[in-house]
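Raw contents of coords14.txt, compact mmCIF, C-alpha atoms:
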# COMPACT_ATOMS: atom_id res chain seq x y z
CA MET U 1030 1.27 -20.76 -8.00
CA THR U 1031 4.65 -20.06 -9.50
CA GLN U 1032 7.46 -18.13 -7.92
CA SER U 1033 7.13 -15.00 -10.02
CA MET U 1034 7.95 -12.21 -7.55
CA MET U 1035 10.92 -11.04 -5.50
CA LEU U 1036 10.94 -9.59 -1.99
CA ILE U 1037 12.79 -6.30 -1.50
CA THR U 1038 13.28 -3.94 1.45
CA SER U 1039 11.40 -0.66 1.22
CA THR U 1040 9.70 2.09 3.19
CA TRP U 1041 5.99 2.88 3.43
CA GLY U 1042 3.64 5.41 4.96
CA SER U 1043 3.84 8.96 6.17
CA ASN U 1044 6.49 8.06 8.75
CA ALA U 1045 8.61 6.18 6.15
CA GLN U 1046 8.53 2.94 8.14
CA LYS U 1047 10.73 0.04 6.99
CA THR U 1048 8.81 -2.77 5.31
CA PHE U 1049 9.03 -5.12 2.33
CA LYS U 1050 7.64 -4.99 -1.18
CA LEU U 1051 7.07 -7.62 -3.83
CA ILE U 1052 8.09 -6.92 -7.41
CA PRO U 1053 7.37 -9.10 -10.45
CA VAL U 1054 10.31 -10.98 -12.00
CA THR U 1055 8.51 -12.90 -14.75
CA GLU U 1056 6.10 -11.96 -17.53
CA GLU U 1057 3.60 -14.50 -16.17
CA CYS U 1058 3.36 -12.82 -12.77
CA PRO U 1059 -0.30 -11.91 -12.11
CA TYR U 1060 0.60 -8.91 -9.93
CA ASN U 1061 2.12 -5.49 -10.61
CA GLU U 1062 3.35 -5.13 -7.04
CA GLY U 1063 2.77 -5.98 -3.43
CA ILE U 1064 3.53 -4.11 -0.20
CA TYR U 1065 3.25 -5.00 3.46
CA ASP U 1066 1.82 -2.26 5.68
CA VAL U 1067 3.44 -2.81 9.10
CA ASP U 1068 0.95 -0.52 10.89
CA SER U 1069 -2.20 -2.30 9.71
CA LYS U 1070 -0.47 -5.69 9.30
CA VAL U 1071 -1.88 -6.18 5.80
CA LEU U 1072 -0.22 -7.41 2.60
CA ALA U 1073 -1.68 -5.37 -0.28
CA LEU U 1074 -1.38 -6.82 -3.78
CA ILE U 1075 -2.08 -4.93 -7.01
CA SER U 1076 -3.18 -7.20 -9.84
CA LYS U 1077 -2.41 -6.82 -13.53
CA GLU U 1078 -6.11 -7.35 -14.20
CA ARG U 1079 -8.12 -4.15 -14.68
CA LYS U 1080 -11.68 -3.04 -14.01
CA GLU U 1081 -13.75 0.06 -14.65
CA SER U 1082 -15.02 1.92 -11.61
CA MET U 1083 -16.50 5.31 -10.78
CA HIS U 1084 -14.27 7.88 -9.04
CA MET U 1085 -14.65 11.51 -8.02
CA VAL U 1086 -11.92 13.57 -9.71
CA PRO U 1087 -11.18 17.30 -9.64
CA LYS U 1088 -12.93 19.30 -12.35
CA LEU U 1089 -10.43 21.22 -14.48
CA ASN U 1090 -10.87 24.44 -16.44
CA GLU U 1091 -9.73 24.95 -20.04
CA TRP U 1092 -6.15 25.59 -18.85
CA GLY U 1093 -5.96 22.39 -16.83
CA ASP U 1094 -6.26 24.12 -13.44
CA LEU U 1095 -8.68 23.19 -10.65
CA THR U 1096 -12.09 24.84 -10.88
CA GLN U 1097 -12.29 26.74 -7.59
CA LEU U 1098 -15.66 27.10 -5.89
CA LYS U 1099 -17.11 30.56 -5.26
CA ILE U 1100 -19.18 29.38 -2.29
CA GLY U 1101 -16.32 28.19 -0.06
CA LYS U 1102 -15.77 24.60 1.01
CA ARG U 1103 -18.11 21.73 0.32
CA PRO U 1104 -19.26 19.31 3.07
CA ASN U 1105 -16.33 17.03 2.17
CA GLY U 1106 -13.90 19.89 2.94
CA LYS U 1107 -12.76 20.51 -0.64
CA ASP U 1108 -12.83 24.02 -2.09
CA TYR U 1109 -12.80 22.90 -5.73
CA ALA U 1110 -15.37 21.29 -8.00
CA GLU U 1111 -15.38 17.55 -8.63
CA GLU U 1112 -17.03 15.28 -11.15
CA ARG U 1113 -17.67 11.55 -11.37
CA LYS U 1114 -15.67 9.73 -14.03
CA THR U 1115 -15.31 6.12 -15.05
CA LEU U 1116 -11.66 5.14 -14.68
CA GLU U 1117 -9.79 1.96 -15.38
CA THR U 1118 -8.16 0.71 -12.18
CA PHE U 1119 -6.33 -2.43 -11.11
CA TYR U 1120 -7.90 -5.04 -8.84
CA GLU U 1121 -6.50 -4.90 -5.31
CA TYR U 1122 -6.24 -7.82 -2.89
CA TYR U 1123 -5.58 -7.60 0.85
CA VAL U 1124 -4.23 -10.51 2.90
CA GLU U 1125 -4.63 -9.97 6.64
CA ASP U 1126 -3.94 -13.30 8.35
CA VAL U 1127 -0.24 -13.77 9.20
CA LYS U 1128 -0.26 -17.49 8.33
CA GLU U 1129 -1.87 -16.75 4.94
CA ILE U 1130 0.69 -13.99 4.27
CA GLU U 1131 3.54 -16.41 5.10
CA PHE U 1132 2.01 -19.09 2.86
CA PHE U 1133 1.60 -16.63 0.00
CA LEU U 1134 5.17 -15.29 0.29
CA ASN U 1135 6.70 -18.76 0.50
CA ASN U 1136 4.85 -19.79 -2.67
CA VAL U 1137 5.24 -16.63 -4.76
CA ALA U 1138 8.60 -15.07 -3.83
CA VAL U 1139 11.73 -16.55 -5.43
CA ASN U 1140 13.82 -15.34 -2.48
CA ALA U 1141 11.39 -16.19 0.36
CA SER U 1142 13.86 -18.59 1.99
CA SER U 1143 16.67 -16.01 2.10
CA PHE U 1144 14.67 -12.83 2.83
CA ASP U 1145 13.76 -12.31 6.49
CA PHE U 1146 10.18 -11.09 6.06
CA SER U 1147 9.18 -12.45 9.48
CA THR U 1148 10.78 -9.43 11.22
CA TYR U 1149 8.17 -7.21 9.54
CA LEU U 1150 5.28 -9.63 10.12
CA ASN U 1151 6.14 -9.92 13.81
CA ALA U 1152 6.72 -6.20 14.38
CA THR U 1153 4.56 -5.01 17.27
CA ALA U 1154 3.54 -1.74 18.83
CA LYS U 1155 6.00 -2.59 21.62
CA SER U 1156 8.93 -2.36 19.22
CA LYS U 1157 7.70 1.07 18.11
CA ILE U 1158 7.52 2.22 21.72
CA GLU U 1159 11.04 0.94 22.42
CA ALA U 1160 12.31 2.81 19.37
CA ALA U 1161 10.70 6.08 20.51
CA PRO U 1162 12.62 8.36 22.88
CA SER U 1163 11.66 7.89 26.51
CA LEU U 1164 9.35 10.49 27.99
CA ILE U 1165 9.93 9.22 31.53
CA GLN U 1166 13.06 10.45 33.27
CA THR U 1167 14.59 8.48 36.09
CA VAL U 1168 15.96 10.32 39.09
What does this structure look like when you write it as structure tokens?
Amino acid sequence: MTQSMMLITSTWGSNAQKTFKLIPVTEECPYNEGIYDVDSKVLALISKERKESMHMVPKLNEWGDLTQLKIGKRPNGKDYAEERKTLETFYEYYVEDVKEIEFFLNNVAVNASSFDFSTYLNATAKSKIEAAPSLIQTV
């Protein structure tokens, strides 16, 4: 493994939670990006390698608009037509074990020794509760 990525501070998720991302810094880097999801405690890596896979995509009319259904919503809750298409997607890798994430970051990130990624890895539900406003009032 070569140090071909850099750690940067970022936000992620619907609540825009602080986290870190990995960005490539060399041509030889095998990944497009990486991001740590603090809620699920998973490091997601997107490879540069591609694969073909089947996906359901919205069906479009001749003007490029969604083809609306006349019968209401389908069992999946969508009110527009879909069709299966073969799309080229990137391989995704998920690292869940904290020790394996640390090992990976220390071996891949050029700034692993100066970037404090452990604060994100060690974030707990307790820290989220402490950050939330108190619902209990003391008298």
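Note that atom CA of U:Tyr1122 and atom CA of U:Ser1043 are 21.6 Å apart.
With atom CA of U:Asn1140 on one side and atom CA of U:Asp1126 on the other, the separation reads 20.9 Å.
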Using all atoms listed in the file: which of U:Trp1092, U:Thr1040, U:Met1035, U:Glu1111 has the shortest distance to U:Thr1055: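 Ranked by minimum distance to U:Thr1055, first place goes to U:Met1035.
Rounded to one decimal, atom CA of U:Pro1059 and atom CA of U:Asn1135 lie 16.0 Å from each other.
Nearest residue to U:Glu1117, choosing from U:Glu1081, U:Asp1066, U:Ser1143, U:Leu1036 and counting all atoms listed in the file: U:Glu1081.
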Shell of 9 Å around U:Lys1070, only C-alpha atoms, local chain residues under 3 positions omitted, as a list of chain:residue names: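 Final neighbour list, sorted by chain and number: U:Tyr1065, U:Asp1066, U:Val1067, U:Val1124, U:Glu1125, U:Asp1126, U:Val1127, U:Tyr1149, U:Leu1150, U:Ala1152.
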Can you pull out every residue within 10 Å of stretch 1112-1116 of chain U, counting all atoms listed in the file, but drop anything in the same chain fewer than 4 positions away, and send it as a compact mmCIF listing (two decimals) with C-alpha atoms, keeping the file's coordinate frame?
# COMPACT_ATOMS: atom_id res chain seq x y z
CA ARG U 1079 -8.12 -4.15 -14.68
CA LYS U 1080 -11.68 -3.04 -14.01
CA GLU U 1081 -13.75 0.06 -14.65
CA SER U 1082 -15.02 1.92 -11.61
CA MET U 1083 -16.50 5.31 -10.78
CA HIS U 1084 -14.27 7.88 -9.04
CA MET U 1085 -14.65 11.51 -8.02
CA VAL U 1086 -11.92 13.57 -9.71
CA PRO U 1087 -11.18 17.30 -9.64
CA LYS U 1088 -12.93 19.30 -12.35
CA LEU U 1089 -10.43 21.22 -14.48
Nearest to U:Leu1134, chosen from U:Lys1050, U:Glu1091, U:Ser1039, U:Gly1106, with only C-alpha atoms counted in the distances: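 The closest residue to U:Leu1134 is U:Lys1050.
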Every residue with an atom at most 12 Å from (-3.9, -3.8, -11.6) (file coordinates; all atoms listed in the file) is what I'm after, so could you write them as a CSV table (one decimal) with C-alpha atoms, in the coordinates of the input?
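Here's the written file result-v3.csv:
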chain,number,residue,atom,x,y,z
U,1058,CYS,CA,3.4,-12.8,-12.8
U,1059,PRO,CA,-0.3,-11.9,-12.1
U,1060,TYR,CA,0.6,-8.9,-9.9
U,1061,ASN,CA,2.1,-5.5,-10.6
U,1062,GLU,CA,3.4,-5.1,-7.0
U,1063,GLY,CA,2.8,-6.0,-3.4
U,1073,ALA,CA,-1.7,-5.4,-0.3
U,1074,LEU,CA,-1.4,-6.8,-3.8
U,1075,ILE,CA,-2.1,-4.9,-7.0
U,1076,SER,CA,-3.2,-7.2,-9.8
U,1077,LYS,CA,-2.4,-6.8,-13.5
U,1078,GLU,CA,-6.1,-7.4,-14.2
U,1079,ARG,CA,-8.1,-4.2,-14.7
U,1080,LYS,CA,-11.7,-3.0,-14.0
U,1081,GLU,CA,-13.8,0.1,-14.6
U,1117,GLU,CA,-9.8,2.0,-15.4
U,1118,THR,CA,-8.2,0.7,-12.2
U,1119,PHE,CA,-6.3,-2.4,-11.1
U,1120,TYR,CA,-7.9,-5.0,-8.8
U,1121,GLU,CA,-6.5,-4.9,-5.3
U,1122,TYR,CA,-6.2,-7.8,-2.9
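Among U:Thr1148, U:Ala1110, U:Ser1142, U:Leu1072, the residue with the shortest atom-to-atom distance to U:Ile1130, counting only C-alpha atoms, is U:Leu1072.
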Shortest interatomic distance to U:Ile1037 - which of U:Phe1132, U:Asn1151, U:Val1071, U:Phe1144, counting all atoms listed in the file: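 Once distances to U:Ile1037 are computed over all atoms listed in the file, the minimum belongs to U:Phe1144.
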Which residue of U:Ile1100, U:Phe1133, U:Ile1064, U:Lys1047 approaches U:Ser1033 most closely, using all atoms listed in the file: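 Closest residue, counting all atoms listed in the file: U:Phe1133.
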